[in-house]
file data37.cif (mmCIF, C-alpha atoms)
data_data
loop_
_atom_site.label_atom_id
_atom_site.label_comp_id
_atom_site.auth_asym_id
_atom_site.auth_seq_id
_atom_site.Cartn_x
_atom_site.Cartn_y
_atom_site.Cartn_z
CA MET S 796 130.78 117.28 46.76
CA PHE S 797 133.88 115.79 48.38
CA PHE S 798 131.81 112.87 49.69
CA LEU S 799 130.49 112.27 46.16
CA LEU S 800 133.99 112.47 44.65
CA LEU S 801 135.31 110.04 47.27
CA ILE S 802 132.57 107.52 46.44
CA ILE S 803 133.27 107.85 42.69
CA PHE S 804 137.01 107.40 43.27
CA LEU S 805 136.52 104.29 45.42
CA LEU S 806 134.11 102.78 42.89
CA MET S 807 136.61 103.37 40.09
CA MET S 808 139.36 101.77 42.18
CA ILE S 809 137.16 98.76 42.99
CA VAL S 810 136.54 98.20 39.28
CA ALA S 811 140.00 99.08 37.96
CA LEU S 812 142.34 97.53 40.54
CA PRO S 813 141.28 93.86 40.10
CA ILE S 814 141.62 94.14 36.31
CA ILE S 815 145.06 95.77 36.48
CA PHE S 816 146.38 93.38 39.13
CA TYR S 817 144.92 90.37 37.34
CA LYS S 818 146.71 91.26 34.09
CA ILE S 819 150.04 91.85 35.85
CA ILE S 820 149.97 88.92 38.29
CA LYS S 821 148.67 86.41 35.72
CA ILE S 822 151.96 86.77 33.81
CA HIS S 823 154.05 85.66 36.81
CA ARG S 824 151.50 83.44 38.56
CA PRO S 825 149.31 81.70 35.97
CA GLN S 826 147.29 79.76 38.57
CA THR S 827 145.92 82.99 40.07
CA ASP S 828 142.13 83.29 39.88
CA ILE S 829 140.08 86.48 39.86
CA ILE S 830 138.77 85.90 43.43
CA GLU S 831 142.30 86.07 44.86
CA VAL S 832 143.03 89.23 42.90
CA LEU S 833 139.74 90.76 44.05
CA ILE S 834 140.63 90.09 47.70
CA PHE S 835 144.09 91.53 47.14
CA SER S 836 142.56 94.64 45.54
CA ILE S 837 140.10 95.12 48.40
CA PHE S 838 143.01 94.88 50.83
CA ILE S 839 144.82 97.65 48.91
CA LEU S 840 141.67 99.77 49.14
CA SER S 841 141.49 99.08 52.88
CA LEU S 842 145.02 100.47 53.20
CA ILE S 843 143.86 103.66 51.45
CA LEU S 844 140.87 103.92 53.80
CA PHE S 845 143.18 103.33 56.78
CA ALA S 846 145.41 106.18 55.57
CA LEU S 847 142.34 108.45 55.25
CA GLY S 848 141.31 107.52 58.78
CA ILE S 849 144.78 108.34 60.13
CA LEU S 850 144.70 111.64 58.22
CA GLY S 851 141.88 112.80 60.48
CA HIS S 852 143.51 111.36 63.62
CA SER S 853 147.02 112.75 63.66
CA ALA S 854 147.40 114.84 66.84
CA GLU S 855 149.63 113.57 69.66
CA TYR S 856 148.08 113.15 73.11
CA ASN S 857 149.95 116.16 74.59
CA VAL S 858 148.73 118.67 71.97
CA ALA S 859 145.67 120.85 72.57
CA ILE S 860 143.30 120.48 69.61
CA ASP S 861 140.10 121.87 68.20
CA PRO S 862 137.91 118.71 67.91
CA VAL S 863 136.11 120.16 64.89
CA ASP S 864 139.38 120.29 62.95
CA GLU S 865 141.32 117.22 64.09
CA CYS S 866 141.42 114.29 66.50
CA TYR S 867 143.99 112.30 68.47
CA THR S 868 146.07 109.54 66.91
CA PRO S 869 145.58 105.93 68.03
CA PHE S 870 149.34 105.25 67.70
CA GLY S 871 151.69 107.23 69.86
CA GLY S 872 154.71 109.31 69.07
CA LYS S 873 158.04 107.94 67.98
CA HIS S 874 156.94 104.42 68.91
CA VAL S 875 154.89 104.22 65.71
CA TYR S 876 158.09 103.15 63.87
CA SER S 877 158.07 99.84 65.75
CA LEU S 878 154.50 99.26 64.62
CA LEU S 879 155.47 100.22 61.08
CA VAL S 880 158.27 97.61 61.01
CA TYR S 881 155.87 94.81 61.97
CA PHE S 882 153.31 96.16 59.50
CA VAL S 883 155.84 95.95 56.63
CA TYR S 884 157.08 92.52 57.81
CA PHE S 885 153.53 91.20 57.93
CA ASN S 886 152.55 92.49 54.48
CA LEU S 887 155.75 91.17 52.89
CA SER S 888 155.02 87.79 54.48
CA VAL S 889 151.43 87.78 53.20
CA PHE S 890 152.53 88.60 49.66
CA ALA S 891 155.48 86.13 49.63
CA LEU S 892 153.39 83.23 50.95
CA TRP S 893 150.55 83.99 48.55
CA PHE S 894 152.80 84.44 45.51
CA TRP S 895 155.34 81.63 46.05
CA GLY S 896 153.99 79.44 48.88
CA ARG S 897 155.79 76.09 49.14
CA LYS S 898 158.19 77.12 46.36
CA LEU S 899 160.09 79.18 48.93
CA ALA S 900 163.27 77.77 50.48
CA PRO S 901 162.48 76.08 53.85
CA LEU S 902 164.15 78.76 55.99
CA LEU S 903 162.50 81.61 54.09
CA LEU S 904 159.16 79.83 54.37
CA VAL S 905 159.51 79.65 58.15
CA VAL S 906 160.68 83.31 58.39
CA PHE S 907 157.63 84.51 56.45
CA LEU S 908 155.33 82.31 58.52
CA VAL S 909 156.76 83.92 61.65
CA GLY S 910 155.92 87.32 60.11
CA LEU S 911 152.40 86.07 59.50
CA PHE S 912 151.95 84.90 63.11
CA LEU S 913 153.43 88.09 64.58
CA GLY S 914 151.23 90.10 62.22
CA VAL S 915 148.12 88.31 63.50
CA ILE S 916 149.00 89.34 67.07
CA VAL S 917 149.79 92.95 66.11
CA ASN S 918 146.65 93.28 63.96
CA CYS S 919 144.53 91.98 66.83
CA LEU S 920 146.01 94.70 69.06
CA VAL S 921 145.42 97.35 66.38
CA LEU S 922 141.84 96.16 65.91
CA VAL S 923 141.12 96.40 69.65
CA GLN S 924 142.86 99.80 69.87
CA VAL S 925 140.88 101.44 67.05
CA GLY S 926 137.70 99.60 68.04
CA GLY S 927 137.20 101.86 71.05
CA HIS S 928 137.32 105.63 70.58
CA ASN S 929 135.89 107.63 73.47
CA THR S 930 135.57 111.25 72.30
CA LEU S 931 133.22 112.39 75.08
CA SER S 932 136.07 114.26 76.77
CA LEU S 933 136.44 116.27 73.54
CA GLY S 934 132.82 117.36 73.70
CA VAL S 935 131.84 115.64 70.46
CA ASN S 936 129.68 112.67 69.56
CA ASN S 937 131.23 109.32 70.51
CA SER S 938 130.36 107.85 67.09
CA CYS S 939 133.16 108.54 64.64
CA PHE S 940 133.01 107.46 61.01
CA GLY S 941 136.69 108.33 60.51
CA GLY S 942 137.56 105.99 63.38
CA ARG S 943 135.53 103.21 61.80
CA LEU S 944 137.61 103.56 58.63
CA LEU S 945 140.54 102.29 60.70
CA LEU S 946 138.76 99.02 61.48
CA ILE S 947 138.58 97.67 57.93
CA MET S 948 142.30 97.09 57.26
CA PRO S 949 143.27 95.11 60.41
CA LEU S 950 140.06 93.07 60.20
CA LEU S 951 140.70 92.13 56.56
CA ALA S 952 144.39 91.47 57.33
CA LEU S 953 143.36 88.97 60.01
CA VAL S 954 141.00 87.18 57.61
CA ILE S 955 143.74 86.91 54.96
CA ALA S 956 146.37 85.78 57.48
CA VAL S 957 144.18 83.09 59.03
CA SER S 958 143.16 81.79 55.60
CA GLN S 959 146.84 81.57 54.59
CA ILE S 960 147.74 79.71 57.79
CA VAL S 961 144.88 77.25 57.25
CA GLU S 962 145.96 76.74 53.63
CA MET S 963 149.57 76.13 54.71
CA ILE S 964 148.51 73.55 57.31
CA ARG S 965 146.33 71.81 54.73
CA THR S 966 149.25 71.72 52.27
CA GLU S 967 151.53 70.23 54.94
CA MET S 968 148.96 67.56 55.74
CA ASP S 969 148.69 66.66 52.04
CA LEU S 970 152.48 66.41 51.76
CA SER S 971 152.68 64.12 54.78
CA THR S 972 150.23 61.70 53.18
CA THR S 973 151.94 61.67 49.78
CA ARG S 974 155.54 61.53 51.01
CA HIS S 975 156.67 58.00 51.93
CA PHE S 976 159.93 56.17 52.68
CA LYS S 977 160.77 52.53 52.08
CA ASN S 978 162.65 52.36 55.33
CA GLN S 979 160.18 51.72 58.16
CA PHE S 980 162.07 53.87 60.67
CA LEU S 981 162.21 56.84 58.28
CA GLU S 982 158.52 56.40 57.52
CA ARG S 983 157.70 56.59 61.24
CA CYS S 984 159.89 59.67 61.58
CA ASN S 985 158.14 61.26 58.60
CA LEU S 986 154.72 60.68 60.13
CA TYR S 987 155.89 61.95 63.54
CA MET S 988 157.50 65.09 62.12
CA SER S 989 154.59 65.85 59.78
CA GLN S 990 152.10 65.55 62.61
CA ARG S 991 154.05 67.52 65.21
CA PHE S 992 156.82 69.60 63.66
CA ASP S 993 155.75 70.92 60.25
CA VAL S 994 156.75 74.42 59.08
CA THR S 995 153.85 76.04 60.94
CA VAL S 996 155.06 74.54 64.24
CA TRP S 997 158.61 75.69 63.55
CA ALA S 998 157.23 79.16 62.85
CA VAL S 999 155.53 79.20 66.27
CA ILE S 1000 158.72 77.98 67.96
CA LEU S 1001 160.80 80.70 66.27
CA MET S 1002 158.35 83.55 67.00
CA LEU S 1003 160.07 84.58 70.24
CA PRO S 1004 163.65 84.53 68.84
CA VAL S 1005 162.58 86.55 65.79
CA PHE S 1006 160.68 89.01 68.00
CA ILE S 1007 163.80 89.48 70.15
CA VAL S 1008 165.99 90.05 67.07
CA VAL S 1009 163.57 92.61 65.62
CA THR S 1010 163.40 94.39 69.01
CA LEU S 1011 167.19 94.56 69.22
CA ILE S 1012 167.37 96.03 65.71
CA LEU S 1013 164.73 98.62 66.64
CA LEU S 1014 166.74 99.52 69.78
CA LEU S 1015 169.70 100.37 67.56
CA PHE S 1016 167.47 102.89 65.75
CA GLY S 1017 166.32 104.63 68.93
CA GLN S 1018 163.16 102.71 69.80
CA ASP S 1019 162.41 101.64 73.39
CA VAL S 1020 162.33 98.02 74.53
CA ASN S 1021 158.60 98.33 75.15
CA SER S 1022 157.84 100.49 72.09
CA LEU S 1023 155.25 97.99 70.87
CA VAL S 1024 153.37 98.60 74.14
CA LYS S 1025 153.87 102.37 74.26
CA VAL S 1026 152.67 102.80 70.68
CA PHE S 1027 149.19 101.92 72.02
CA THR S 1028 149.35 103.35 75.57
CA ASP S 1029 151.02 106.72 74.83
CA THR S 1030 147.74 107.91 73.31
CA THR S 1031 144.46 109.41 74.46
CA THR S 1032 140.75 108.62 73.81
CA TRP S 1033 141.49 105.11 72.41
CA THR S 1034 141.09 101.62 73.92
CA PHE S 1035 144.59 101.14 75.41
CA SER S 1036 145.22 104.86 76.00
CA GLN S 1037 146.90 105.81 79.28
CA LYS S 1038 147.36 109.56 78.70
CA ILE S 1039 145.10 112.57 79.32
CA HIS S 1040 144.88 115.26 76.67
CA PRO S 1041 145.06 119.02 77.42
CA PRO S 1042 141.87 121.13 77.45
CA ILE S 1043 140.41 121.52 73.97
CA LEU S 1044 140.78 124.77 72.01
CA ASP S 1045 137.98 127.14 71.07
CA HIS S 1046 136.91 126.71 67.49
CA SER S 1047 137.90 129.41 64.97
CA GLY S 1048 135.19 131.52 63.37
CA HIS S 1049 133.70 131.25 59.90
CA TYR S 1050 135.20 133.94 57.66
CA LEU S 1051 131.91 134.13 55.73
CA CYS S 1052 130.49 135.67 58.93
CA THR S 1053 132.68 138.67 58.13
CA VAL S 1054 131.30 138.80 54.60
CA ALA S 1055 127.69 138.73 55.83
CA ALA S 1056 128.40 141.43 58.41
CA LYS S 1057 130.37 143.87 56.25
CA GLY S 1058 128.82 143.47 52.81
CA ASN S 1059 126.22 145.66 51.14
CA PRO S 1060 122.84 144.35 52.40
CA LYS S 1061 121.40 144.54 48.86
CA ILE S 1062 124.15 142.15 47.65
CA VAL S 1063 124.96 139.79 50.55
CA LYS S 1064 121.27 139.73 51.62
CA PRO S 1065 121.42 139.30 55.43
CA ILE S 1066 118.45 137.32 56.76
CA ARG S 1067 118.59 137.58 60.54
CA LEU S 1068 120.83 137.56 63.56
CA GLY S 1069 122.25 134.24 64.73
CA THR S 1070 124.43 132.79 67.47
CA ARG S 1071 127.89 131.26 67.03
CA HIS S 1072 129.79 130.06 70.10
CA GLY S 1073 127.82 132.48 72.28
CA ASN S 1074 128.44 135.46 69.99
CA THR S 1075 125.77 137.27 67.98
CA ILE S 1076 126.47 137.32 64.22
CA ILE S 1077 124.73 138.44 61.04
CA VAL S 1078 123.50 135.46 58.99
CA ASN S 1079 122.81 135.25 55.27
CA ARG S 1080 121.79 132.28 53.14
CA GLN S 1081 125.31 131.75 51.76
CA LEU S 1082 126.64 131.35 55.29
CA GLN S 1083 123.81 128.97 56.19
CA ILE S 1084 124.42 126.77 53.11
CA ALA S 1085 128.18 126.67 53.70
CA ASN S 1086 127.71 125.67 57.34
CA ALA S 1087 125.06 123.07 56.46
CA PHE S 1088 127.45 121.55 53.91
CA GLU S 1089 130.21 121.50 56.54
CA GLU S 1090 127.82 119.70 58.88
CA LEU S 1091 127.08 117.18 56.11
CA LEU S 1092 130.81 116.47 55.70
CA SER S 1093 131.21 116.16 59.46
CA ASP S 1094 128.40 113.58 59.58
CA TYR S 1095 129.56 111.37 56.70
CA VAL S 1096 133.32 111.90 56.23
CA PRO S 1097 134.71 113.49 59.43
CA ALA S 1098 138.32 112.68 58.51
CA ILE S 1099 138.06 114.66 55.27
CA HIS S 1100 136.05 117.35 57.05
CA ARG S 1101 138.81 117.83 59.64
CA PHE S 1102 141.43 118.10 56.91
CA ILE S 1103 139.39 120.71 55.02
CA ARG S 1104 138.41 122.57 58.19
CA ARG S 1105 142.00 122.69 59.42
CA ASN S 1106 143.16 124.33 56.17
CA TYR S 1107 140.04 126.50 55.99
CA ASP S 1108 140.76 127.89 59.45
CA ARG S 1109 144.42 128.40 58.60
CA TYR S 1110 143.74 130.44 55.46
CA GLY S 1111 140.15 131.56 55.97
CA TYR S 1112 140.91 133.33 59.24
CA ASN S 1113 143.75 135.29 57.61
CA LEU S 1114 141.41 136.14 54.73
CA SER S 1115 138.76 137.41 57.15
CA LEU S 1116 141.32 139.82 58.62
CA ARG S 1117 141.81 141.29 55.14
CA ILE S 1118 138.09 141.67 54.41
CA ASN S 1119 137.79 145.06 56.10
CA SER S 1120 135.62 146.91 53.61
CA GLN S 1121 132.17 146.66 52.08
CA LEU S 1122 133.67 146.25 48.61
CA GLY S 1123 135.88 143.34 49.76
CA SER S 1124 132.89 141.60 51.32
CA ASN S 1125 130.81 142.09 48.17
CA ILE S 1126 133.56 140.65 45.93
CA THR S 1127 134.05 137.65 48.25
CA TYR S 1128 130.30 136.99 48.31
CA VAL S 1129 130.09 136.97 44.49
CA ALA S 1130 133.26 134.83 44.17
CA MET S 1131 131.77 132.28 46.58
CA LYS S 1132 128.53 131.92 44.58
CA PRO S 1133 129.69 128.92 42.43
CA LEU S 1134 130.77 127.04 45.57
CA GLU S 1135 127.47 127.95 47.24
CA TRP S 1136 125.56 126.36 44.34
CA ILE S 1137 127.74 123.22 44.50
CA PHE S 1138 127.14 122.98 48.26
CA LEU S 1139 123.41 123.38 47.70
CA VAL S 1140 123.33 120.59 45.07
CA CYS S 1141 125.19 118.27 47.48
CA LEU S 1142 122.74 119.05 50.28
CA TYR S 1143 119.79 118.25 48.02
CA LEU S 1144 121.51 115.02 46.92
CA PHE S 1145 122.39 113.66 50.35
CA CYS S 1146 119.90 115.22 52.79
CA GLN S 1147 116.32 114.10 53.21
CA LYS S 1148 115.26 117.58 54.37
CA PRO S 1149 117.90 119.98 53.02
CA GLU S 1150 115.99 123.21 53.65
CA GLN S 1151 115.34 122.22 57.25
CA LYS S 1152 119.07 121.57 57.68
CA ILE S 1153 119.92 124.95 56.11
CA GLN S 1154 117.40 126.96 58.12
CA LYS S 1155 118.45 125.56 61.50
CA GLN S 1156 122.03 126.88 61.13
CA TYR S 1157 122.98 129.48 63.79
CA THR S 1158 119.66 129.28 65.60
#
call {"tool": "encode", "arguments": {"input": "data37.cif", "output": "structure tokens"}}
result
Amino acid sequence: MFFLLLIIFLLMMIVALPIIFYKIIKIHRPQTDIIEVLIFSIFILSLILFALGILGHSAEYNVAIDPVDECYTPFGGKHVYSLLVYFVYFNLSVFALWFWGRKLAPLLLVVFLVGLFLGVIVNCLVLVQVGGHNTLSLGVNNSCFGGRLLLIMPLLALVIAVSQIVEMIRTEMDLSTTRHFKNQFLERCNLYMSQRFDVTVWAVILMLPVFIVVTLILLLFGQDVNSLVKVFTDTTTWTFSQKIHPPILDHSGHYLCTVAAKGNPKIVKPIRLGTRHGNTIIVNRQLQIANAFEELLSDYVPAIHRFIRRNYDRYGYNLSLRINSQLGSNITYVAMKPLEWIFLVCLYLFCQKPEQKIQKQYT
């Protein structure tokens, strides 16, 4: 159900965002075409997907986790603020250069170009970092859909940045051919400067000074000199990770196990005995369907699954402690019936062999 709602939401955003942005931007930038707005909208969507990916990867390297519920973050600790500063600088630069371009004052133009170049470097590092996620030490499958969500944004950011740089160079070349001086010496200087020292070259020259200034500002706010390195290395299970995580935690139980075990057999309808984490439990169809649906979420949207599972364990475990009578189990079973039917519909929508998936639970 959540997977279906996510798809519907993204489809609505894909359709609605370009139209909304096109209407707004067209007022202030008449030359904007729909393709540019579409790319801009897709980039906004990639930011949302990136946020969803981070939502499922939020634990610091020194925290013991249950891999079913959460995963480790690719960006470490307090150093993430340094990365955030360059992220904001890059996105402001992208927007300013796209919206105003050569209309910007020369110094501002160079400053934003520096942000673009620094952003290319940082996005390359982010892309490499999230491109490798080794979860074998967590005892789970190395393929991670939530981790792949993190790839879209830096990849698209690189495409946009490179296209803007190419467009800026092309504009500078056009200006050098159309701008002429009567004085022969000035004309030679114009050709020399346009070929060797246009705004893109000045941006490259000023990259190091701007980087130093930004680093000094970050130092004043408590960041380390090498925060931009530590933000990638003070992590675990990712490409640049240099830390080892603690042993993983045992996974919490399913509170519906309590319902199946304590309910009236004529109501909760136990089917057989099953095994969960080495323990023998009583299994009914409601428990099987719920676990099969959880497995479906884990396969397709692990980030959302971890978020749901984390809250389910937090509140479901406490609920299971309060279900200490047959009547409580019966009421919980009946109250869960609507959700059971929704889970079943989702399984039949997205599984090729739903009954096989349901029946194999707790075997």
call {"tool": "closest_residue", "arguments": {"input": "data37.cif", "among": "S:Ile947, S:Thr1031, S:Asp1094, S:Thr1127", "to": "Leu847 of chain S", "atoms": "all atoms listed in the file"}}
result
S:Ile947
call {"tool": "closest_residue", "arguments": {"input": "data37.cif", "among": "S:Ile1007, S:Lys1025, S:Leu850, S:Leu902", "to": "Ile1103 of chain S", "atoms": "all atoms listed in the file"}}
result
S:Leu850
call {"tool": "atom_distance", "arguments": {"input": "data37.cif", "atom1": "atom CA of Val915 of chain S", "atom2": "atom CA of Thr966 of chain S"}}
result
20.1 Å
call {"tool": "resolve_selection", "arguments": {"input": "data37.cif", "expression": "the PyMOL selection byres ((chain S and resi 952-963) around 10)", "output": "number ranges by chain"}}
result
S: 834-835, 838, 841-842, 885-886, 888-889, 892-893, 896-897, 908, 911-912, 914-919, 922, 947-951, 964-969, 993-995
call {"tool": "closest_residue", "arguments": {"input": "data37.cif", "among": "S:Gly926, S:Tyr856, S:Lys1064, S:Glu1089", "to": "Tyr1107 of chain S", "atoms": "all atoms listed in the file"}}
result
S:Glu1089
call {"tool": "closest_residue", "arguments": {"input": "data37.cif", "among": "S:Val1020, S:Val858, S:Ala1130, S:Leu944", "to": "Tyr1095 of chain S", "atoms": "only C-alpha atoms"}}
result
S:Leu944
call {"tool": "decode", "arguments": {"input": "data37.cif", "residues": "segment 1086-1098 of chain S", "atoms": "N, CA and C atoms", "output": "JSON list (two decimals), in the first residue's frame"}}
result
[["chain", "number", "residue", "atom", "x", "y", "z"],
["S", 1086, "ASN", "N", 3.46, -10.36, 7.68],
["S", 1086, "ASN", "CA", 4.91, -10.55, 7.49],
["S", 1086, "ASN", "C", 5.27, -10.58, 6.01],
["S", 1087, "ALA", "N", 4.40, -11.15, 5.18],
["S", 1087, "ALA", "CA", 4.65, -11.17, 3.74],
["S", 1087, "ALA", "C", 4.63, -9.75, 3.18],
["S", 1088, "PHE", "N", 3.69, -8.92, 3.68],
["S", 1088, "PHE", "CA", 3.63, -7.52, 3.25],
["S", 1088, "PHE", "C", 4.88, -6.76, 3.70],
["S", 1089, "GLU", "N", 5.34, -7.05, 4.91],
["S", 1089, "GLU", "CA", 6.58, -6.42, 5.40],
["S", 1089, "GLU", "C", 7.76, -6.81, 4.51],
["S", 1090, "GLU", "N", 7.79, -8.06, 4.10],
["S", 1090, "GLU", "CA", 8.85, -8.53, 3.21],
["S", 1090, "GLU", "C", 8.78, -7.83, 1.86],
["S", 1091, "LEU", "N", 7.54, -7.59, 1.38],
["S", 1091, "LEU", "CA", 7.35, -6.86, 0.13],
["S", 1091, "LEU", "C", 7.91, -5.44, 0.23],
["S", 1092, "LEU", "N", 7.61, -4.76, 1.34],
["S", 1092, "LEU", "CA", 8.15, -3.41, 1.55],
["S", 1092, "LEU", "C", 9.67, -3.44, 1.61],
["S", 1093, "SER", "N", 10.20, -4.44, 2.31],
["S", 1093, "SER", "CA", 11.66, -4.55, 2.44],
["S", 1093, "SER", "C", 12.34, -4.75, 1.09],
["S", 1094, "ASP", "N", 11.66, -5.46, 0.18],
["S", 1094, "ASP", "CA", 12.23, -5.72, -1.14],
["S", 1094, "ASP", "C", 12.22, -4.48, -2.03],
["S", 1095, "TYR", "N", 11.13, -3.71, -1.99],
["S", 1095, "TYR", "CA", 10.94, -2.62, -2.94],
["S", 1095, "TYR", "C", 11.26, -1.23, -2.37],
["S", 1096, "VAL", "N", 10.91, -0.97, -1.13],
["S", 1096, "VAL", "CA", 11.16, 0.35, -0.53],
["S", 1096, "VAL", "C", 11.75, 0.17, 0.87],
["S", 1097, "PRO", "N", 13.00, -0.31, 0.97],
["S", 1097, "PRO", "CA", 13.59, -0.59, 2.28],
["S", 1097, "PRO", "C", 13.69, 0.62, 3.19],
["S", 1098, "ALA", "N", 13.87, 1.82, 2.60],
["S", 1098, "ALA", "CA", 13.96, 3.02, 3.44],
["S", 1098, "ALA", "C", 12.65, 3.26, 4.18]]
